[in-house]
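J.: What follows is a single structure, and I will ask about it in a moment.
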Amino acid sequence: MPEQPPYLRVADVLRQRIVEHVWEPGDRLPSRAQIGEECGVGENVVRRAQELLISQGVLEGRAGSGTYVAEPRPRVRVVRSSAREQPTGSPFRADMKAVGRQSDWESRTDAKVPAPADIASRLGVADGDLCVRTVYEFLADGRPVQLSTSWEPYDLTAGTLVVLPEGGPHAGRGVVNRMAEIGVTVSHAVEQPEPRLATAEEASLLGIQKSALVTHIKRTYYSDQGRPVETADIVLPATLCEIVYEVPIGRQ
């Protein structure tokens, strides 16, 4: 069995001391030199271990002050399920209502944005085809918990009342309900979740540490004719959100 990398071993030691209440939330950790001497490693190894625990929300770094045990923050439960699509209202609002949180969001829509290559591929359109792009920041009890950038083919909704996802009489009702208003039936969605580190911009918007762990979900909605009608990049911080998938079981 391969030997565990030194920084992971040190991270386990630090984590265990927190679990055993040697260090409590808000406590400042000893210097990297002191931890390194105790663990028999160099300061760079300790730094890497601390950066890992910061990305996981266990520790937090304070510029010019040191590294501290992070205060526990309650996680928001986010359910990914076909049941999220209600006849009226927003799926995110339904999620937050189910867990007793107040919900809101801020958005910015730009129409006629050329599709980048990766978005064009996901929507089944040509590179540079015009899209409607909407950038979202979702809030639970006034605190940001989710980011999303949505893309819809412009030729699908142009000239209709649903061309702007957050404008007009059907604003904020979600992709499925909006598409139904123009006679497009959304039959299913495909989601591809993967963990990664937050970018500097994402960390700033979400109020988390730079390079903290996030879940990036690539989601695409399809019509009953098999056409992609919307694709989105959804970013949820691991320390703030618990993601749960509900899988419907049909009768044979």
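Residues are named by chain letter and number: chains run A, B, ... in the order of the structure tokens, numbers start at 1 in each chain, and ligands are numbered from 1 in the order shown.
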Within region 52-169 of chain A, find each residue whose DSSP state, derived from the backbone, is alpha helix (DSSP H), and express the selection as a ChimeraX atom specification.
T.: /A:52-55,91-98,117-123,154-157
J.: Closest to Ala63 (chain A) among A:Gln209, A:Gln225, A:Ser121, A:Ser150, using only C-alpha atoms?
T.: A:Gln209
J.: Find, counting only C-alpha atoms, the residue in A:Gly174, A:Gly159, A:Pro30, A:Gly183 that gets nearest to Tyr221 (chain A).
T.: A:Gly174
J.: Counting only C-alpha atoms, which residue out of A:Leu156, A:Ala232, A:Leu52, A:Ala189 sits closest to Thr134 (chain A)?
T.: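 Of A:Leu156, A:Ala232, A:Leu52, A:Ala189, the one nearest Thr134 (chain A) is A:Ala232, counting only C-alpha atoms.
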J.: Please extract the residues of region 105-166 of chain A with a backbone DSSP assignment of strand (DSSP E or B) and present them as a count of residues only.
T.: 32
J.: Using only C-alpha atoms, determine which residues lie at most 12 Å from Asp141 (chain A), disregarding the query and same-chain residues fewer than 5 positions distant; provide the list as a list of chain:residue names.
T.: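 The filter keeps A:Pro74, A:Val76, A:Arg93, A:Met96, A:Lys97, A:Val99, A:Gly100, A:Arg101, A:Gln102, A:Ser103, A:Asp104, A:Trp105.
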J.: Have a look at A:Val235, A:Ala33, A:Leu213, A:Val190 and name the one nearest to Arg122 (chain A); count only C-alpha atoms.
T.: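 Ranked by minimum distance to Arg122 (chain A), first place goes to A:Val190.
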J.: Name the closest residue to Pro165 (chain A) among the candidates A:His188, A:Arg108, A:Arg219, A:Arg196; distances are taken between atoms, counting only C-alpha atoms.
T.: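 So, comparing all the options, the nearest one is A:Arg108.
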J.: Which residues are near Arg32 (chain A)? Cut-off 10 Å, only C-alpha atoms, ignore same chain within fewer than 6 positions. Put them as a list in words.
T.: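 So the residues in contact are Glu38, Val41, Gly42, Glu43, Asn44, Val45, Val46, Arg47, Gln50, Gly66 and Thr67 of chain A.
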J.: Now that the selection is made, can you save its residues with N, CA and C atoms as a PDB file, in the first residue's frame?
T.:
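What follows is the written file out-v6.pdb:
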```
ATOM      1  N   GLU A  38       6.703  19.450  15.470  1.00  0.00           N
ATOM      2  CA  GLU A  38       5.981  18.373  16.156  1.00  0.00           C
ATOM      3  C   GLU A  38       5.718  17.178  15.243  1.00  0.00           C
ATOM      4  N   VAL A  41       8.060  17.547   9.842  1.00  0.00           N
ATOM      5  CA  VAL A  41       8.006  17.941   8.430  1.00  0.00           C
ATOM      6  C   VAL A  41       8.394  19.413   8.318  1.00  0.00           C
ATOM      7  N   GLY A  42       8.572  19.877   7.094  1.00  0.00           N
ATOM      8  CA  GLY A  42       8.900  21.278   6.856  1.00  0.00           C
ATOM      9  C   GLY A  42       7.664  22.162   6.836  1.00  0.00           C
ATOM     10  N   GLU A  43       7.909  23.465   6.880  1.00  0.00           N
ATOM     11  CA  GLU A  43       6.790  24.416   6.915  1.00  0.00           C
ATOM     12  C   GLU A  43       5.949  24.367   5.642  1.00  0.00           C
ATOM     13  N   ASN A  44       6.565  24.077   4.503  1.00  0.00           N
ATOM     14  CA  ASN A  44       5.802  24.002   3.261  1.00  0.00           C
ATOM     15  C   ASN A  44       4.780  22.868   3.299  1.00  0.00           C
ATOM     16  N   VAL A  45       5.140  21.774   3.952  1.00  0.00           N
ATOM     17  CA  VAL A  45       4.202  20.649   4.091  1.00  0.00           C
ATOM     18  C   VAL A  45       3.029  21.065   4.972  1.00  0.00           C
ATOM     19  N   VAL A  46       3.323  21.779   6.059  1.00  0.00           N
ATOM     20  CA  VAL A  46       2.259  22.259   6.954  1.00  0.00           C
ATOM     21  C   VAL A  46       1.350  23.236   6.208  1.00  0.00           C
ATOM     22  N   ARG A  47       1.967  24.126   5.429  1.00  0.00           N
ATOM     23  CA  ARG A  47       1.168  25.088   4.652  1.00  0.00           C
ATOM     24  C   ARG A  47       0.209  24.368   3.723  1.00  0.00           C
ATOM     25  N   GLN A  50      -2.645  22.879   5.683  1.00  0.00           N
ATOM     26  CA  GLN A  50      -3.593  23.904   6.111  1.00  0.00           C
ATOM     27  C   GLN A  50      -4.439  24.392   4.940  1.00  0.00           C
ATOM     28  N   GLY A  66      -2.900  34.842  10.961  1.00  0.00           N
ATOM     29  CA  GLY A  66      -2.605  33.426  11.152  1.00  0.00           C
ATOM     30  C   GLY A  66      -3.732  32.547  10.656  1.00  0.00           C
ATOM     31  N   THR A  67      -3.725  31.310  11.117  1.00  0.00           N
ATOM     32  CA  THR A  67      -4.729  30.326  10.715  1.00  0.00           C
ATOM     33  C   THR A  67      -5.547  29.922  11.937  1.00  0.00           C
TER      34      THR A  67
END
```
J.: Considering only C-alpha atoms, can you say which of A:Val176, A:Ile243, A:Ile208, A:Ala111 comes closest to Gln56 (chain A)?
T.: A:Ile208
J.: Would you mind listing what lies within 12 Å of Ala158 (chain A) as a PyMOL selection string, with only C-alpha atoms counted and same-chain residues fewer than 6 positions away left out?
T.: chain A and resi 111-112+130-132+152+164-165+182
J.: I'd like the contact shell of Ser81 (chain A) - 12 Å cut-off, only C-alpha atoms, skipping same-chain residues fewer than 2 positions apart - returned as a VMD selection string.
T.: chain A and resid 78 to 79 83 to 86 91 to 92 94 to 95 188 to 191 243 to 249
J.: Neighbouring residues of Val10 (chain A) were defined as those with any atom within 7 Å, considering only C-alpha atoms; residues of the same chain fewer than 3 positions away were excluded. Please report them as a list in words.
T.: Pro6, Tyr7, Val13, Leu14, Cys39, Val46 and Ala49 of chain A
